[in-house]
Every structure is written in structure tokens, then in C-alpha cells.
Amino acid sequence: MGIWDNQDDNNNDFLAPRPSGQPQGASTENESAEPKKDYSLAEVAVDAGIVDITPSTSSIQIVTEQQILNQDLQSTDTGMIATTRRSNYSRRDSLRGETFDQPEPAAMLTADRLLDSSAKNRPAPESGFRRFLYFLSLKTINLGDPLKVRERKAIDARIGAPLEGGAKFVPVLTRKGGVGKTTVSTLLGMALSLSREDRVIAIDANPDRGTLAERVSKSTRFTVRDVVNRAAAIDGFTDFSTMVSRDVTRLDVLASDSDPMLSEAFDEGDYNVVADMAARYYSIVLTDCGTGIVHSVMRPTLQRANGLVIVSGGSVDEARLASETLTWLEANGYGNLVRNSIVALNTATQGTNIVKLDEIEQHFKTRVRHVVRIPYDPSLSAGSVIKFKELKEDTQNAARELAALVVDGLNNPI
């Protein structure tokens, strides 16, 4: 008999599990002979009329390749907009079309951005036909300065470059007398003073009697010895300026002792006193050293040096002595100073006309930063007061080039 004929009226759920044991109506004999069985849902037949066996269906959205590409492009654009919206504002990024979360700061209003650098707003030409045409056209035609003037202004900018830190010391030395060391010191100081806004001083530190003060219009009788003796009483630049000679180029010169017997007493301690005093009021301190490199003044001079100028003549022995000076400096621990130094090649000495100056210059270029030729000038050969504006143009240009190289070396040492 089927299971469907013995459904329990109290339990209408035909899927419910059945109790253990035989179905109703079974014989007692079978009850005692067969073990009890449990029926699981898997063994129960299911009425097809009760259970809905209709297959279910669901809709699936079909996405085309073009729709996927459009979504990727949209997400990429959104990411780019989010990336370009930044808070660190920069003028370059703004010109590229990028957007920022914050307004433009006041720091972006720079002179380079706001000032009009077109031809009509450039400075007027200094002289000549270009200047005449500029004013004749009511300042509408501005051809600018010629190349020569632009080069001069470029050198002026190099010489006048600001210096970081305290006073800068630049010794001018050589091992041989008569090669123009004092002349080069004077030319260098004048070129620096003409183009710089700060103060420049040249100290005559020759233990013997120096002649640096005789190259400028002397206006005082004081010397380095007076500075040493009155150092405690000097309260400011006004007191110190009474002890120096000032040239029309604004170069200050502190003379050495005029008495040779007293100049022997100018030693390392005295130089340190003078150097400390000069460092208070001057940005560049030039030191016209003596011909010897082993006297006591040379040690503090080199220890304070930020730059160095070596003067060489155009003869064979003068060039060799200058090169030996570089060797001595390297052997005594001043190799960095030598590599950053400038050689001033004085071509006004005897024997220059028969010597290959190019070979001498090439030799020094392998050892120092640069070489500058100082041409012959009758105003310099006289050995008297130097008037910078009256020198030949080539001489002035050489002095200015030397000054520019010295300032370059102070700002950017090798």
C-alpha cells in the first residue's frame, strides 16, 4: 500500500519527516521481525501537482563594448579632474589649465609676471644712434643697447653680485718683485669699487715698505701701525675711515709703515688686528702681500683667504716662479685655494715680446680657475697714481674681467 493512503489528518504537511516505525496496518509479525526505519525527505515522493516545476527565468542586461569604453573614459576624466585640483598653487601649472582648490596667493604677484618687458618698456639705449632714434620716435622704437654695451653690463652684474656671509679676503701675491703685484692689486680694487655697492679695501701687508698707498690720491698719513695702536679707540666706521686713503673709485687703501725699520715689526698678530678691524666695515678685503711667502704675515693671510690672485710676469723665470708658488701652496695644504685662484699675467714686463704667452697661459689653466692678461699701458708703467678712467679701454676691460672672476670664485668656489 502506498504512503499516500496513510496520511495523518493532524499533520497535513506531507513533506514533514515521518515518525520511526512501521506504517499503520502492518502485521504484528512484521513488527517483531523487521527493525525500525526512518524516512528522509529524499526518500519521499513529491506530488508534481503541488510543487511548481515551471523553470524560472531572469533578465540579464547585455553591455556592449562601446558602453564599457564610455564608462572608462568618464572615470578617467573624473580622475584627471580630481588630480589637477590641487592646493599647491604654481604659475606654470595655472598656465597649463590646471585647477586648484584655493585662490591664488599674493606671492604669485611677482615682478617677472606683472612687469611688461616688451621693447617699449625696456630701458633706453645709453648712447649713439639707437638712443637718438628712441627719443625721435617718441620712445616707440627701442633697439636696445649694442652687443658691446650689453657685455659690459653683464660684467657689471657679475662684479656687483651679492656675497653671502661675512667679509671676503683675497690676497694678491707673488714670489718675485717687479712683476706688477701692487699694480694688479690697485686695478682689482678699483674695478670692484666702481661696480659694487658695498665697501672694498686694499691693505698693504708688505713687511718691507709697500707702495700701495702711492697708487691712489693719498689723503691721510695713517698706516697699519696706527690702526694696531688705536684699535681699542676705534668705535665705528667714521673713526676707521680717517685712517685710510680713498680713491675717486671709492676704493679705500690702508698704507703700510713708511719707515722700513718699523715695518719689520708688522707681524702675524698685527695683521690679525688690522684684518679683524677691516672685516667689520668692508665686504671685500684685498691684501697686497710681500714678495716672500714664508714670513709670519703670510700664514694668517692664507688662513683667512676666500680667494687668491697670483701675479706672473711674461718672462720665463717669472712664469716659473709663479708656478712654483702654486706648488708651494699645494704642498702646504692650500690645494683648494690654488684650484680656485686666478692668475694675472702681466704682459708689460720685459721680455714679453719674445715669449710665447699662449704657452704660459695654457700651463696655468691646467692648475688654476682662470688666467687674465693685463696689457701694457703707459699710465701703469709710470709707477705713480693710477686714474682708472684714463687707462686704455683694454686695460680697464682686463681689470673688470679679473674682478668678475674673483667674485665668481667667491660665490661659486671650485
# chains A, B, ... in the order shown; residues from 1 in each chain; ligands from 1
$ residues_around --residues "range 287-291 of chain A" --least-positions-apart "6" --cutoff "8 Å" --atoms "only C-alpha atoms" --output "PDB file with C-alpha atoms, in the first residue's frame"
ATOM      1  CA  PHE A 169      89.621  88.080   1.984  1.00  0.00           C
ATOM      2  CA  VAL A 170      91.518  87.951  -1.307  1.00  0.00           C
ATOM      3  CA  PRO A 171      95.337  88.025  -1.124  1.00  0.00           C
ATOM      4  CA  VAL A 172      97.408  89.140  -4.129  1.00  0.00           C
ATOM      5  CA  LEU A 173     100.851  87.589  -4.002  1.00  0.00           C
ATOM      6  CA  THR A 174     103.916  86.550  -5.940  1.00  0.00           C
ATOM      7  CA  ARG A 175     107.429  85.340  -5.141  1.00  0.00           C
ATOM      8  CA  LYS A 176     109.228  87.814  -7.381  1.00  0.00           C
ATOM      9  CA  GLY A 177     109.269  91.573  -7.121  1.00  0.00           C
ATOM     10  CA  LYS A 181     101.739  92.866  -7.914  1.00  0.00           C
ATOM     11  CA  THR A 182     100.877  96.249  -6.413  1.00  0.00           C
ATOM     12  CA  SER A 185      96.054  94.928  -6.524  1.00  0.00           C
ATOM     13  CA  ALA A 202      93.083  97.097  -0.040  1.00  0.00           C
ATOM     14  CA  ILE A 203      95.596  96.535   2.782  1.00  0.00           C
ATOM     15  CA  ASP A 204      99.303  96.884   2.179  1.00  0.00           C
ATOM     16  CA  ALA A 205     100.663  93.980   4.246  1.00  0.00           C
ATOM     17  CA  ASN A 206     104.190  94.124   2.903  1.00  0.00           C
ATOM     18  CA  PRO A 207     106.595  93.604   5.836  1.00  0.00           C
ATOM     19  CA  ASP A 208     109.021  95.776   3.933  1.00  0.00           C
ATOM     20  CA  GLY A 210     104.986  98.861   0.442  1.00  0.00           C
ATOM     21  CA  LEU A 212     100.197 100.567  -2.489  1.00  0.00           C
ATOM     22  CA  MET A 298     101.693  85.165   5.119  1.00  0.00           C
ATOM     23  CA  THR A 301      96.774  85.909   5.248  1.00  0.00           C
TER      24      THR A 301
END
$ residues_around --residues "Gly144 in chain A" --least-positions-apart "4" --cutoff "8 Å" --atoms "only C-alpha atoms" --output "PyMOL selection string"
chain A and resi 119+122-125+130
$ write_last_selection --atoms "C-alpha atoms" --output "tab-separated table (two decimals), in the first residue's frame"
chain	number	residue	atom	x	y	z
A	119	ALA	CA	60.54	96.76	-26.36
A	122	ARG	CA	62.90	98.40	-21.93
A	123	PRO	CA	65.50	100.88	-20.65
A	124	ALA	CA	66.55	103.46	-23.20
A	125	PRO	CA	69.84	102.85	-25.04
A	130	ARG	CA	69.98	103.94	-31.03
$ closest_atom_pairs --of "range 267-291 of chain A" --to "range 226-234 of chain A" --cutoff "7 Å" --atoms "only C-alpha atoms" --output "CSV"
residue,atom,partner,partner_atom,distance
A:Asp270,CA,A:Val228,CA,6.2
A:Val273,CA,A:Val228,CA,6.2
A:Val274,CA,A:Val228,CA,6.4
$ write_last_selection --atoms "N, CA and C atoms" --output "CSV table (one decimal), in the first residue's frame"
chain,number,residue,atom,x,y,z
A,270,ASP,N,99.8,91.6,14.4
A,270,ASP,CA,99.4,92.9,13.9
A,270,ASP,C,98.4,92.8,12.7
A,273,VAL,N,94.9,91.9,13.9
A,273,VAL,CA,94.2,93.1,14.4
A,273,VAL,C,93.6,93.9,13.3
A,274,VAL,N,94.5,94.2,12.3
A,274,VAL,CA,94.0,95.0,11.2
A,274,VAL,C,92.9,94.3,10.4
$ residues_around --residues "range 338-354 of chain A" --least-positions-apart "5" --cutoff "6 Å" --atoms "only C-alpha atoms" --output "number ranges by chain"
A: 308-315, 368-376, 414
$ write_last_selection --atoms "N, CA and C atoms" --output "short mmCIF file (atom, residue, chain, number, x, y, z; two decimals), in the first residue's frame"
data_model
loop_
_atom_site.label_atom_id
_atom_site.label_comp_id
_atom_site.auth_asym_id
_atom_site.auth_seq_id
_atom_site.Cartn_x
_atom_site.Cartn_y
_atom_site.Cartn_z
N LEU A 308 92.14 83.92 -4.22
CA LEU A 308 93.58 84.15 -4.36
C LEU A 308 93.89 84.63 -5.78
N VAL A 309 94.77 85.62 -5.87
CA VAL A 309 95.25 86.11 -7.16
C VAL A 309 96.77 85.98 -7.17
N ILE A 310 97.28 85.24 -8.14
CA ILE A 310 98.72 85.08 -8.33
C ILE A 310 99.15 85.93 -9.51
N VAL A 311 100.16 86.76 -9.32
CA VAL A 311 100.64 87.65 -10.37
C VAL A 311 101.90 87.04 -10.98
N SER A 312 101.89 86.96 -12.30
CA SER A 312 103.05 86.42 -13.02
C SER A 312 103.43 87.37 -14.12
N GLY A 313 104.74 87.48 -14.34
CA GLY A 313 105.23 88.26 -15.47
C GLY A 313 105.24 87.42 -16.74
N GLY A 314 105.62 88.04 -17.83
CA GLY A 314 105.63 87.36 -19.11
C GLY A 314 106.95 86.73 -19.48
N SER A 315 107.97 86.81 -18.61
CA SER A 315 109.25 86.19 -18.92
C SER A 315 109.28 84.75 -18.42
N VAL A 368 94.85 76.42 -12.32
CA VAL A 368 94.02 77.40 -11.61
C VAL A 368 92.67 77.53 -12.30
N ARG A 369 91.84 78.39 -11.76
CA ARG A 369 90.49 78.59 -12.28
C ARG A 369 90.50 79.31 -13.61
N HIS A 370 91.30 80.38 -13.73
CA HIS A 370 91.31 81.16 -14.97
C HIS A 370 92.57 82.00 -15.02
N VAL A 371 92.88 82.49 -16.20
CA VAL A 371 94.04 83.36 -16.43
C VAL A 371 93.56 84.62 -17.14
N VAL A 372 94.03 85.78 -16.66
CA VAL A 372 93.67 87.07 -17.24
C VAL A 372 94.95 87.79 -17.62
N ARG A 373 95.01 88.25 -18.85
CA ARG A 373 96.18 89.03 -19.30
C ARG A 373 95.96 90.51 -19.02
N ILE A 374 96.96 91.13 -18.39
CA ILE A 374 96.95 92.56 -18.16
C ILE A 374 97.83 93.20 -19.23
N PRO A 375 97.25 93.96 -20.16
CA PRO A 375 98.05 94.51 -21.26
C PRO A 375 98.94 95.66 -20.81
N TYR A 376 99.86 96.01 -21.67
CA TYR A 376 100.73 97.14 -21.38
C TYR A 376 99.95 98.44 -21.48
N ILE A 414 85.37 76.35 -6.61
CA ILE A 414 85.53 75.02 -7.21
C ILE A 414 85.76 73.98 -6.11
#
$ select_by_dssp --residues "range 97-328 of chain A" --states "alpha helix (DSSP H)" --output "JSON, numbers by chain"
{"A": [111, 112, 113, 114, 128, 129, 130, 131, 132, 133, 134, 135, 136, 147, 148, 149, 150, 151, 152, 153, 154, 155, 156, 157, 158, 159, 181, 182, 183, 184, 185, 186, 187, 188, 189, 190, 191, 192, 193, 194, 195, 224, 225, 226, 227, 228, 229, 237, 238, 239, 240, 241, 260, 261, 262, 263, 268, 269, 270, 271, 272, 273, 274, 275, 276, 277, 278, 279, 280, 281, 298, 299, 300, 301, 302, 303, 304, 316, 317, 318, 319, 320, 321, 322, 323, 324, 325, 326, 327, 328]}
$ residues_around --residues "Leu410 in chain A" --least-positions-apart "3" --cutoff "8 Å" --atoms "only C-alpha atoms" --output "list in words"
Leu163, Lys168, Asn306, Gly307, Val406, Val407 and Pro413 of chain A
$ write_last_selection --atoms "C-alpha atoms" --output "PDB file, in the first residue's frame"
ATOM      1  CA  LEU A 163      78.216  87.937  -1.359  1.00  0.00           C
ATOM      2  CA  LYS A 168      85.807  88.012   1.985  1.00  0.00           C
ATOM      3  CA  ASN A 306      88.498  83.051   0.444  1.00  0.00           C
ATOM      4  CA  GLY A 307      90.088  83.658  -2.955  1.00  0.00           C
ATOM      5  CA  VAL A 406      87.247  86.933  -8.378  1.00  0.00           C
ATOM      6  CA  VAL A 407      83.607  87.493  -7.390  1.00  0.00           C
ATOM      7  CA  PRO A 413      84.251  78.105  -5.427  1.00  0.00           C
TER       8      PRO A 413
END
$ select_by_dssp --residues "range 90-175 of chain A" --states "strand (DSSP E or B)" --output "ChimeraX atom specification"
/A:100,168-173
$ write_last_selection --atoms "N, CA and C atoms" --output "mmCIF file, in the first residue's frame"
data_model
loop_
_atom_site.group_PDB
_atom_site.id
_atom_site.type_symbol
_atom_site.label_atom_id
_atom_site.label_comp_id
_atom_site.auth_asym_id
_atom_site.auth_seq_id
_atom_site.Cartn_x
_atom_site.Cartn_y
_atom_site.Cartn_z
ATOM 1 N N PHE A 100 42.708 74.556 -9.038
ATOM 2 C CA PHE A 100 43.193 74.428 -7.674
ATOM 3 C C PHE A 100 42.039 74.637 -6.710
ATOM 4 N N LYS A 168 85.037 88.948 2.803
ATOM 5 C CA LYS A 168 85.807 88.012 1.985
ATOM 6 C C LYS A 168 87.229 88.556 1.810
ATOM 7 N N PHE A 169 88.211 87.687 2.075
ATOM 8 C CA PHE A 169 89.621 88.080 1.984
ATOM 9 C C PHE A 169 90.226 87.489 0.709
ATOM 10 N N VAL A 170 90.894 88.364 -0.041
ATOM 11 C CA VAL A 170 91.518 87.951 -1.307
ATOM 12 C C VAL A 170 92.959 88.454 -1.311
ATOM 13 N N PRO A 171 93.941 87.599 -1.042
ATOM 14 C CA PRO A 171 95.337 88.025 -1.124
ATOM 15 C C PRO A 171 95.815 88.097 -2.578
ATOM 16 N N VAL A 172 96.734 89.013 -2.834
ATOM 17 C CA VAL A 172 97.408 89.140 -4.129
ATOM 18 C C VAL A 172 98.896 88.964 -3.850
ATOM 19 N N LEU A 173 99.466 87.888 -4.386
ATOM 20 C CA LEU A 173 100.851 87.589 -4.002
ATOM 21 C C LEU A 173 101.662 87.085 -5.188
#
$ atom_distance --atom1 "CA of Arg131 in chain A" --atom2 "CA of Ile155 in chain A"
21.7 Å
$ closest_residue --among "A:Asp145, A:Leu391, A:Ala275, A:Phe237" --to "Phe132 in chain A" --atoms "only C-alpha atoms"
A:Asp145
$ closest_residue --among "A:Thr220, A:Asn336, A:Thr140, A:Thr327" --to "Val253 in chain A" --atoms "only C-alpha atoms"
A:Thr220
